[in-house]
$ cat input.pdb   # PDB, C-alpha atoms
ATOM      1  CA  MET B   1     207.567  10.319 164.171
ATOM      2  CA  GLU B   2     209.210  10.962 160.780
ATOM      3  CA  LYS B   3     206.589   8.824 159.032
ATOM      4  CA  THR B   4     203.786  10.815 160.686
ATOM      5  CA  ALA B   5     205.372  14.131 159.679
ATOM      6  CA  PHE B   6     205.846  12.915 156.099
ATOM      7  CA  THR B   7     202.238  11.673 155.932
ATOM      8  CA  LEU B   8     200.940  14.981 157.289
ATOM      9  CA  THR B   9     203.059  16.974 154.825
ATOM     10  CA  LEU B  10     201.864  14.842 151.910
ATOM     11  CA  PHE B  11     198.239  15.191 153.042
ATOM     12  CA  LEU B  12     198.511  18.988 153.307
ATOM     13  CA  ALA B  13     200.183  19.186 149.873
ATOM     14  CA  LEU B  14     197.335  17.169 148.324
ATOM     15  CA  ILE B  15     194.707  19.377 149.971
ATOM     16  CA  TRP B  16     196.479  22.549 148.746
ATOM     17  CA  ASN B  17     196.746  21.115 145.227
ATOM     18  CA  ALA B  18     193.016  20.303 145.202
ATOM     19  CA  PHE B  19     192.196  23.789 146.573
ATOM     20  CA  SER B  20     194.320  25.469 143.865
ATOM     21  CA  GLN B  21     192.634  23.454 141.131
ATOM     22  CA  ASN B  22     189.205  24.213 142.579
ATOM     23  CA  LEU B  23     189.942  27.960 142.442
ATOM     24  CA  SER B  24     190.524  27.684 138.688
ATOM     25  CA  GLU B  25     187.145  26.009 138.292
ATOM     26  CA  LEU B  26     185.095  28.713 140.055
ATOM     27  CA  SER B  27     182.645  30.336 137.669
ATOM     28  CA  THR B  28     179.911  32.926 137.825
ATOM     29  CA  ILE B  29     177.942  35.412 135.711
ATOM     30  CA  ASP B  30     179.432  38.738 134.626
ATOM     31  CA  ALA B  31     176.685  41.346 135.026
ATOM     32  CA  VAL B  32     178.299  43.519 132.328
ATOM     33  CA  THR B  33     178.277  40.933 129.529
ATOM     34  CA  GLY B  34     175.787  38.384 130.866
ATOM     35  CA  LYS B  35     178.331  35.637 130.124
ATOM     36  CA  THR B  36     179.550  32.923 132.450
ATOM     37  CA  MET B  37     183.122  33.671 133.512
ATOM     38  CA  ASN B  38     185.617  31.087 134.769
ATOM     39  CA  LEU B  39     188.277  32.200 137.253
ATOM     40  CA  GLY B  40     190.944  30.036 135.627
ATOM     41  CA  SER B  41     190.483  31.683 132.226
ATOM     42  CA  MET B  42     190.311  35.192 133.715
ATOM     43  CA  THR B  43     193.679  34.667 135.432
ATOM     44  CA  SER B  44     195.750  34.264 132.289
ATOM     45  CA  GLY B  45     198.419  36.916 132.860
ATOM     46  CA  LYS B  46     200.789  37.533 135.751
ATOM     47  CA  GLY B  47     197.985  37.970 138.258
ATOM     48  CA  PHE B  48     194.357  38.763 138.842
ATOM     49  CA  VAL B  49     192.742  41.088 141.387
ATOM     50  CA  LEU B  50     189.251  40.256 142.659
ATOM     51  CA  ILE B  51     187.703  43.195 144.492
ATOM     52  CA  PHE B  52     184.726  42.246 146.637
ATOM     53  CA  HIS B  53     182.361  45.171 146.192
ATOM     54  CA  SER B  54     178.802  46.330 146.823
ATOM     55  CA  LEU B  55     176.826  49.302 145.565
ATOM     56  CA  ASN B  56     175.367  49.620 149.085
ATOM     57  CA  CYS B  57     178.717  50.061 150.857
ATOM     58  CA  PRO B  58     179.966  53.643 151.337
ATOM     59  CA  PHE B  59     183.551  52.354 151.737
ATOM     60  CA  ALA B  60     183.399  50.912 148.209
ATOM     61  CA  LYS B  61     182.413  54.357 146.890
ATOM     62  CA  LEU B  62     185.333  55.966 148.773
ATOM     63  CA  TYR B  63     187.744  53.591 147.011
ATOM     64  CA  GLU B  64     186.391  54.111 143.486
ATOM     65  CA  SER B  65     189.075  56.547 142.256
ATOM     66  CA  ARG B  66     191.851  54.487 143.885
ATOM     67  CA  ILE B  67     190.620  51.309 142.203
ATOM     68  CA  LYS B  68     190.604  53.120 138.838
ATOM     69  CA  ALA B  69     194.159  54.385 139.382
ATOM     70  CA  ILE B  70     195.483  50.968 140.401
ATOM     71  CA  LYS B  71     193.797  49.309 137.429
ATOM     72  CA  THR B  72     195.211  51.936 135.053
ATOM     73  CA  THR B  73     198.715  51.412 136.448
ATOM     74  CA  PHE B  74     198.754  47.605 136.398
ATOM     75  CA  GLN B  75     196.391  46.361 133.674
ATOM     76  CA  ASN B  76     198.986  46.783 130.899
ATOM     77  CA  GLN B  77     201.546  44.854 132.959
ATOM     78  CA  GLY B  78     199.639  41.562 132.902
ATOM     79  CA  ILE B  79     197.360  42.077 135.906
ATOM     80  CA  GLY B  80     193.611  41.587 135.383
ATOM     81  CA  PHE B  81     190.830  43.083 137.485
ATOM     82  CA  ALA B  82     187.193  42.333 138.316
ATOM     83  CA  LEU B  83     184.685  43.476 140.881
ATOM     84  CA  ILE B  84     182.566  40.783 142.522
ATOM     85  CA  ASN B  85     179.343  41.439 144.406
ATOM     86  CA  PRO B  86     178.322  38.975 147.163
ATOM     87  CA  GLU B  87     175.021  40.727 147.865
ATOM     88  CA  VAL B  88     173.032  40.222 144.648
ATOM     89  CA  GLY B  89     171.506  37.331 142.749
ATOM     90  CA  ASN B  90     171.366  36.395 139.084
ATOM     91  CA  SER B  91     168.091  38.132 138.173
ATOM     92  CA  GLU B  92     168.074  40.822 135.485
ATOM     93  CA  ALA B  93     166.702  43.313 138.034
ATOM     94  CA  GLU B  94     169.764  42.761 140.228
ATOM     95  CA  GLN B  95     172.277  42.779 137.345
ATOM     96  CA  SER B  96     171.072  45.993 135.714
ATOM     97  CA  PRO B  97     172.338  48.361 138.469
ATOM     98  CA  LEU B  98     175.751  46.673 138.337
ATOM     99  CA  ARG B  99     176.007  47.258 134.563
ATOM    100  CA  SER B 100     174.924  50.874 135.034
ATOM    101  CA  TYR B 101     177.510  51.351 137.767
ATOM    102  CA  ILE B 102     180.336  50.093 135.529
ATOM    103  CA  ASP B 103     179.179  52.390 132.696
ATOM    104  CA  GLN B 104     178.804  55.468 134.920
ATOM    105  CA  SER B 105     181.898  54.960 137.095
ATOM    106  CA  GLY B 106     184.314  54.425 134.220
ATOM    107  CA  LEU B 107     185.815  51.390 135.966
ATOM    108  CA  ASN B 108     185.558  49.352 132.733
ATOM    109  CA  MET B 109     185.951  45.843 134.169
ATOM    110  CA  SER B 110     183.855  42.764 134.746
ATOM    111  CA  TYR B 111     181.353  42.927 137.588
ATOM    112  CA  LEU B 112     180.845  39.365 138.742
ATOM    113  CA  ILE B 113     177.842  38.125 140.685
ATOM    114  CA  ASP B 114     178.513  35.938 143.709
ATOM    115  CA  ALA B 115     174.973  34.577 143.987
ATOM    116  CA  GLY B 116     174.774  32.365 147.048
ATOM    117  CA  GLN B 117     178.123  33.751 148.227
ATOM    118  CA  ALA B 118     180.096  30.705 147.040
ATOM    119  CA  TRP B 119     183.196  32.787 146.204
ATOM    120  CA  THR B 120     182.864  34.771 149.441
ATOM    121  CA  LYS B 121     182.944  31.522 151.417
ATOM    122  CA  VAL B 122     185.824  29.984 149.435
ATOM    123  CA  PHE B 123     187.990  33.057 150.002
ATOM    124  CA  GLY B 124     186.761  33.788 153.547
ATOM    125  CA  ILE B 125     185.732  37.360 152.722
ATOM    126  CA  THR B 126     184.290  39.395 155.606
ATOM    127  CA  LYS B 127     184.569  43.025 154.447
ATOM    128  CA  ILE B 128     183.747  45.203 151.444
ATOM    129  CA  PRO B 129     185.969  46.237 149.801
ATOM    130  CA  GLU B 130     188.376  43.354 150.322
ATOM    131  CA  VAL B 131     190.781  42.146 147.642
ATOM    132  CA  ILE B 132     192.183  38.779 146.651
ATOM    133  CA  VAL B 133     195.224  38.703 144.362
ATOM    134  CA  LEU B 134     195.626  35.437 142.500
ATOM    135  CA  THR B 135     198.723  34.343 140.638
ATOM    136  CA  PRO B 136     199.444  31.264 138.553
ATOM    137  CA  GLY B 137     201.480  28.731 140.521
ATOM    138  CA  ALA B 138     202.911  25.274 140.024
ATOM    139  CA  ASN B 139     199.679  23.645 141.207
ATOM    140  CA  GLY B 140     197.148  26.127 139.825
ATOM    141  CA  LEU B 141     196.015  29.480 141.158
ATOM    142  CA  GLU B 142     197.532  30.726 144.389
ATOM    143  CA  ILE B 143     196.397  33.523 146.674
ATOM    144  CA  SER B 144     199.376  35.875 146.770
ATOM    145  CA  TYR B 145     197.727  38.690 148.711
ATOM    146  CA  ARG B 146     194.452  39.235 150.518
ATOM    147  CA  GLY B 147     192.959  42.109 152.431
ATOM    148  CA  ALA B 148     192.992  45.881 152.377
ATOM    149  CA  ILE B 149     193.665  48.139 149.402
ATOM    150  CA  ASP B 150     195.472  50.655 151.607
ATOM    151  CA  ASN B 151     195.519  51.900 155.192
ATOM    152  CA  ASN B 152     193.001  54.749 155.024
ATOM    153  CA  PRO B 153     189.569  54.102 153.536
ATOM    154  CA  GLN B 154     188.178  57.496 154.543
ATOM    155  CA  SER B 155     190.832  59.796 153.099
ATOM    156  CA  GLU B 156     192.854  59.039 149.994
ATOM    157  CA  SER B 157     195.189  61.958 150.716
ATOM    158  CA  ALA B 158     196.061  60.480 154.130
ATOM    159  CA  VAL B 159     197.108  57.053 152.809
ATOM    160  CA  SER B 160     200.600  56.120 153.979
ATOM    161  CA  GLU B 161     200.618  52.395 153.088
ATOM    162  CA  ARG B 162     199.416  51.166 149.700
ATOM    163  CA  HIS B 163     199.086  47.456 150.453
ATOM    164  CA  LEU B 164     197.608  46.310 147.130
ATOM    165  CA  GLU B 165     200.043  48.346 145.018
ATOM    166  CA  ARG B 166     203.005  47.015 147.007
ATOM    167  CA  ALA B 167     201.791  43.417 146.548
ATOM    168  CA  LEU B 168     201.305  43.888 142.788
ATOM    169  CA  ASN B 169     204.757  45.441 142.389
ATOM    170  CA  GLN B 170     206.286  42.542 144.325
ATOM    171  CA  ILE B 171     204.482  40.041 142.082
ATOM    172  CA  LEU B 172     205.707  41.807 138.945
ATOM    173  CA  ARG B 173     209.284  41.641 140.299
ATOM    174  CA  GLY B 174     208.864  37.889 140.943
ATOM    175  CA  GLU B 175     208.980  38.310 144.724
ATOM    176  CA  SER B 176     206.744  36.923 147.453
ATOM    177  CA  THR B 177     204.261  39.430 148.782
ATOM    178  CA  THR B 178     205.040  40.778 152.223
ATOM    179  CA  PRO B 179     202.847  41.082 154.024
ATOM    180  CA  ALA B 180     200.673  38.505 152.283
ATOM    181  CA  GLN B 181     197.606  39.570 154.257
ATOM    182  CA  VAL B 182     196.386  42.852 155.756
ATOM    183  CA  ARG B 183     193.068  43.080 157.565
ATOM    184  CA  ALA B 184     190.496  44.848 155.394
ATOM    185  CA  VAL B 185     188.368  47.657 156.820
ATOM    186  CA  GLY B 186     184.933  48.419 155.423
ATOM    187  CA  CYS B 187     181.349  47.225 155.438
ATOM    188  CA  ASN B 188     180.599  43.766 156.790
ATOM    189  CA  VAL B 189     179.528  41.276 154.125
ATOM    190  CA  ARG B 190     175.863  40.568 154.650
ATOM    191  CA  SER B 191     175.342  36.812 154.787
ATOM    192  CA  TYR B 192     172.174  35.196 153.499
TER     193      TYR B 192
END

$ encode --input "input.pdb" --output "structure tokens"
Amino acid sequence: MEKTAFTLTLFLALIWNAFSQNLSELSTIDAVTGKTMNLGSMTSGKGFVLIFHSLNCPFAKLYESRIKAIKTTFQNQGIGFALINPEVGNSEAEQSPLRSYIDQSGLNMSYLIDAGQAWTKVFGITKIPEVIVLTPGANGLEISYRGAIDNNPQSESAVSERHLERALNQILRGESTTPAQVRAVGCNVRSY
């Protein structure tokens, strides 16, 4: 029995190590710069927030000012940010609206293209907006938090739980995030 438990533990550790390394190797096109971006190089500070986003989702629009405020608060503390869109491809016609959105919204961050929804599948994303917070760990990148930005997508003034902000503050203090996952509410990710 002990040998079986040890073998299972070793197997799970190897799978997690491979998964962490694979996260670092994910790459895609940034619609803002047109350059290929690698997740491992983007996550060079204390953490990195990926916000799954779509121009067609009204919930994403409702969160725009909150995303700006969170980015303003945490970007100078070693936390990076990027939007990622799972509903567009790599064509210039599909990238142009994303660049315009970044310019007009004042969000001033990368807007990554998840053509083929590879990142969406790796992270198991089902809603927009949904966030993934990555932190450097002993075996590569680790998902420290996933899910909702806060508990009220419709009304910023009625928010009573700021899930993403709490997780980022916990990371900056060197603590584990609790909770590590909160179900996101928003538009369903359209699968292709």

$ closest_residue --input "input.pdb" --among "B:Val88, B:Gln75, B:Ile70, B:Ala31" --to "B:Leu55" --atoms "only C-alpha atoms"
B:Val88

$ atom_distance --input "input.pdb" --atom1 "atom CA of B:Ser54" --atom2 "atom CA of B:Ser144"
23.1 Å

$ atom_distance --input "input.pdb" --atom1 "atom CA of B:Gln170" --atom2 "atom CA of B:Gly47"
11.3 Å

$ resolve_selection --input "input.pdb" --expression "the PyMOL selection byres ((chain B and resi 117) around 10)" --output "number ranges by chain"
B: 85-89, 113-116, 118-122, 125, 189-192

$ closest_residue --input "input.pdb" --among "B:Phe59, B:Phe81, B:Tyr145, B:Phe74" --to "B:Leu112" --atoms "only C-alpha atoms"
B:Phe81

$ resolve_selection --input "input.pdb" --expression "the PyMOL selection byres ((chain B and resi 163) around 7)" --output "PDB file with C-alpha atoms, in the frame of the given file"
ATOM      1  CA  ALA B 148     192.992  45.881 152.377  1.00  0.00           C
ATOM      2  CA  ILE B 149     193.665  48.139 149.402  1.00  0.00           C
ATOM      3  CA  ASP B 150     195.472  50.655 151.607  1.00  0.00           C
ATOM      4  CA  GLU B 161     200.618  52.395 153.088  1.00  0.00           C
ATOM      5  CA  ARG B 162     199.416  51.166 149.700  1.00  0.00           C
ATOM      6  CA  LEU B 164     197.608  46.310 147.130  1.00  0.00           C
ATOM      7  CA  GLU B 165     200.043  48.346 145.018  1.00  0.00           C
ATOM      8  CA  ARG B 166     203.005  47.015 147.007  1.00  0.00           C
ATOM      9  CA  ALA B 167     201.791  43.417 146.548  1.00  0.00           C
TER      10      ALA B 167
END

$ residues_near_point --input "input.pdb" --point "(185.3, 47.3, 149.7)" --cutoff "6 Å" --atoms "all atoms listed in the file" --output "list in words"
Phe52, His53, Phe59, Ala60, Ile128, Pro129, Glu130 and Gly186 of chain B

$ closest_residue --input "input.pdb" --among "B:Ile29, B:Ala158, B:Leu172, B:Val182" --to "B:Ser91" --atoms "all atoms listed in the file"
B:Ile29

$ closest_residue --input "input.pdb" --among "B:Leu98, B:Ile84, B:Val133, B:Leu107" --to "B:Lys71" --atoms "all atoms listed in the file"
B:Leu107

$ atom_distance --input "input.pdb" --atom1 "atom CA of B:Arg146" --atom2 "atom CA of B:Glu94"
27.0 Å

$ closest_residue --input "input.pdb" --among "B:Asn169, B:Asn90, B:Gln95, B:Ser155" --to "B:Lys61" --atoms "only C-alpha atoms"
B:Ser155

$ resolve_selection --input "input.pdb" --expression "the PyMOL selection byres ((chain B and resi 153) around 7)" --output "VMD selection string"
chain B and resid 59 62 to 63 151 to 152 154 to 156

$ residues_around --input "input.pdb" --residues "B:Asn108" --least-positions-apart "2" --cutoff "12 Å" --atoms "only C-alpha atoms" --output "list in words"
Val32, Thr33, Glu64, Ile67, Lys68, Ala69, Lys71, Thr72, Gln75, Gly80, Phe81, Ala82, Leu83, Leu98, Arg99, Ser100, Tyr101, Ile102, Asp103, Gln104, Ser105, Gly106, Ser110 and Tyr111 of chain B

$ residues_near_point --input "input.pdb" --point "(198.0, 38.0, 132.3)" --cutoff "6 Å" --atoms "all atoms listed in the file" --output "number ranges by chain"
B: 44-47, 78-79

$ closest_residue --input "input.pdb" --among "B:Ser96, B:Asn139, B:Ile51, B:Met37" --to "B:Ala184" --atoms "only C-alpha atoms"
B:Ile51

$ residues_around --input "input.pdb" --residues "B:Leu26" --least-positions-apart "2" --cutoff "9 Å" --atoms "only C-alpha atoms" --output "ChimeraX atom specification"
/B:22-24,28,37-40,118-119

$ write_last_selection --input "input.pdb" --atoms "C-alpha atoms" --output "mmCIF file, in the frame of the given file"
data_model
loop_
_atom_site.group_PDB
_atom_site.id
_atom_site.type_symbol
_atom_site.label_atom_id
_atom_site.label_comp_id
_atom_site.auth_asym_id
_atom_site.auth_seq_id
_atom_site.Cartn_x
_atom_site.Cartn_y
_atom_site.Cartn_z
ATOM 1 C CA ASN B 22 189.205 24.213 142.579
ATOM 2 C CA LEU B 23 189.942 27.960 142.442
ATOM 3 C CA SER B 24 190.524 27.684 138.688
ATOM 4 C CA THR B 28 179.911 32.926 137.825
ATOM 5 C CA MET B 37 183.122 33.671 133.512
ATOM 6 C CA ASN B 38 185.617 31.087 134.769
ATOM 7 C CA LEU B 39 188.277 32.200 137.253
ATOM 8 C CA GLY B 40 190.944 30.036 135.627
ATOM 9 C CA ALA B 118 180.096 30.705 147.040
ATOM 10 C CA TRP B 119 183.196 32.787 146.204
#

$ axis_aligned_box --input "input.pdb" --around "stretch 77-87 of chain B" --padding-each-side "5 Å" --output "lines of an AutoDock Vina configuration file"
center_x = 188.3
center_y = 41.9
center_z = 140.4
size_x = 36.5
size_y = 15.9
size_z = 25.0

$ build_atoms --input "input.pdb" --residues "stretch 27-38 of chain B" --atoms "all heavy atoms" --output "short mmCIF file (atom, residue, chain, number, x, y, z; two decimals), in the coordinates of the input"
data_model
loop_
_atom_site.label_atom_id
_atom_site.label_comp_id
_atom_site.auth_asym_id
_atom_site.auth_seq_id
_atom_site.Cartn_x
_atom_site.Cartn_y
_atom_site.Cartn_z
N SER B 27 183.24 29.56 138.76
CA SER B 27 182.64 30.34 137.67
C SER B 27 181.41 31.06 138.17
O SER B 27 180.80 30.66 139.17
CB SER B 27 182.30 29.44 136.47
OG SER B 27 181.33 28.49 136.84
N THR B 28 181.07 32.13 137.48
CA THR B 28 179.91 32.93 137.82
C THR B 28 179.53 33.80 136.63
O THR B 28 180.22 33.83 135.62
CB THR B 28 180.18 33.78 139.08
OG1 THR B 28 178.95 34.34 139.54
CG2 THR B 28 181.19 34.88 138.81
N ILE B 29 178.44 34.54 136.78
CA ILE B 29 177.94 35.41 135.71
C ILE B 29 178.56 36.80 135.83
O ILE B 29 178.67 37.36 136.92
CB ILE B 29 176.40 35.55 135.80
CG1 ILE B 29 175.72 34.18 135.72
CG2 ILE B 29 175.86 36.51 134.75
CD1 ILE B 29 175.85 33.50 134.38
N ASP B 30 178.98 37.36 134.69
CA ASP B 30 179.43 38.74 134.63
C ASP B 30 178.22 39.60 134.31
O ASP B 30 177.59 39.43 133.26
CB ASP B 30 180.50 38.89 133.54
CG ASP B 30 181.01 40.31 133.37
OD1 ASP B 30 180.58 41.21 134.13
OD2 ASP B 30 181.85 40.53 132.49
N ALA B 31 177.87 40.50 135.22
CA ALA B 31 176.68 41.35 135.03
C ALA B 31 176.84 42.28 133.83
O ALA B 31 175.85 42.70 133.24
CB ALA B 31 176.40 42.17 136.28
N VAL B 32 178.06 42.60 133.44
CA VAL B 32 178.30 43.52 132.33
C VAL B 32 177.99 42.85 131.00
O VAL B 32 177.30 43.42 130.15
CB VAL B 32 179.76 44.04 132.34
CG1 VAL B 32 180.03 44.94 131.15
CG2 VAL B 32 180.03 44.80 133.65
N THR B 33 178.46 41.62 130.81
CA THR B 33 178.28 40.93 129.53
C THR B 33 177.17 39.90 129.55
O THR B 33 176.70 39.46 128.50
CB THR B 33 179.58 40.21 129.11
OG1 THR B 33 179.87 39.19 130.07
CG2 THR B 33 180.73 41.19 128.99
N GLY B 34 176.78 39.45 130.75
CA GLY B 34 175.79 38.38 130.87
C GLY B 34 176.38 37.00 130.63
O GLY B 34 175.67 36.00 130.67
N LYS B 35 177.67 36.91 130.42
CA LYS B 35 178.33 35.64 130.12
C LYS B 35 178.84 34.98 131.41
O LYS B 35 179.16 35.65 132.38
CB LYS B 35 179.52 35.85 129.18
CG LYS B 35 179.13 36.35 127.82
CD LYS B 35 180.35 36.54 126.96
CE LYS B 35 179.95 37.08 125.58
NZ LYS B 35 181.12 37.37 124.76
N THR B 36 178.94 33.66 131.35
CA THR B 36 179.55 32.92 132.45
C THR B 36 181.07 33.07 132.35
O THR B 36 181.65 32.87 131.29
CB THR B 36 179.16 31.43 132.38
OG1 THR B 36 177.75 31.33 132.50
CG2 THR B 36 179.82 30.65 133.51
N MET B 37 181.68 33.45 133.46
CA MET B 37 183.12 33.67 133.51
C MET B 37 183.74 32.61 134.43
O MET B 37 183.20 32.30 135.48
CB MET B 37 183.43 35.06 134.05
CG MET B 37 182.79 36.20 133.28
SD MET B 37 183.40 36.37 131.61
CE MET B 37 184.98 37.11 131.94
N ASN B 38 184.89 32.10 134.02
CA ASN B 38 185.62 31.09 134.77
C ASN B 38 186.89 31.72 135.32
O ASN B 38 187.63 32.36 134.58
CB ASN B 38 185.94 29.92 133.82
CG ASN B 38 186.77 28.88 134.48
OD1 ASN B 38 187.98 29.04 134.62
ND2 ASN B 38 186.13 27.79 134.88
#
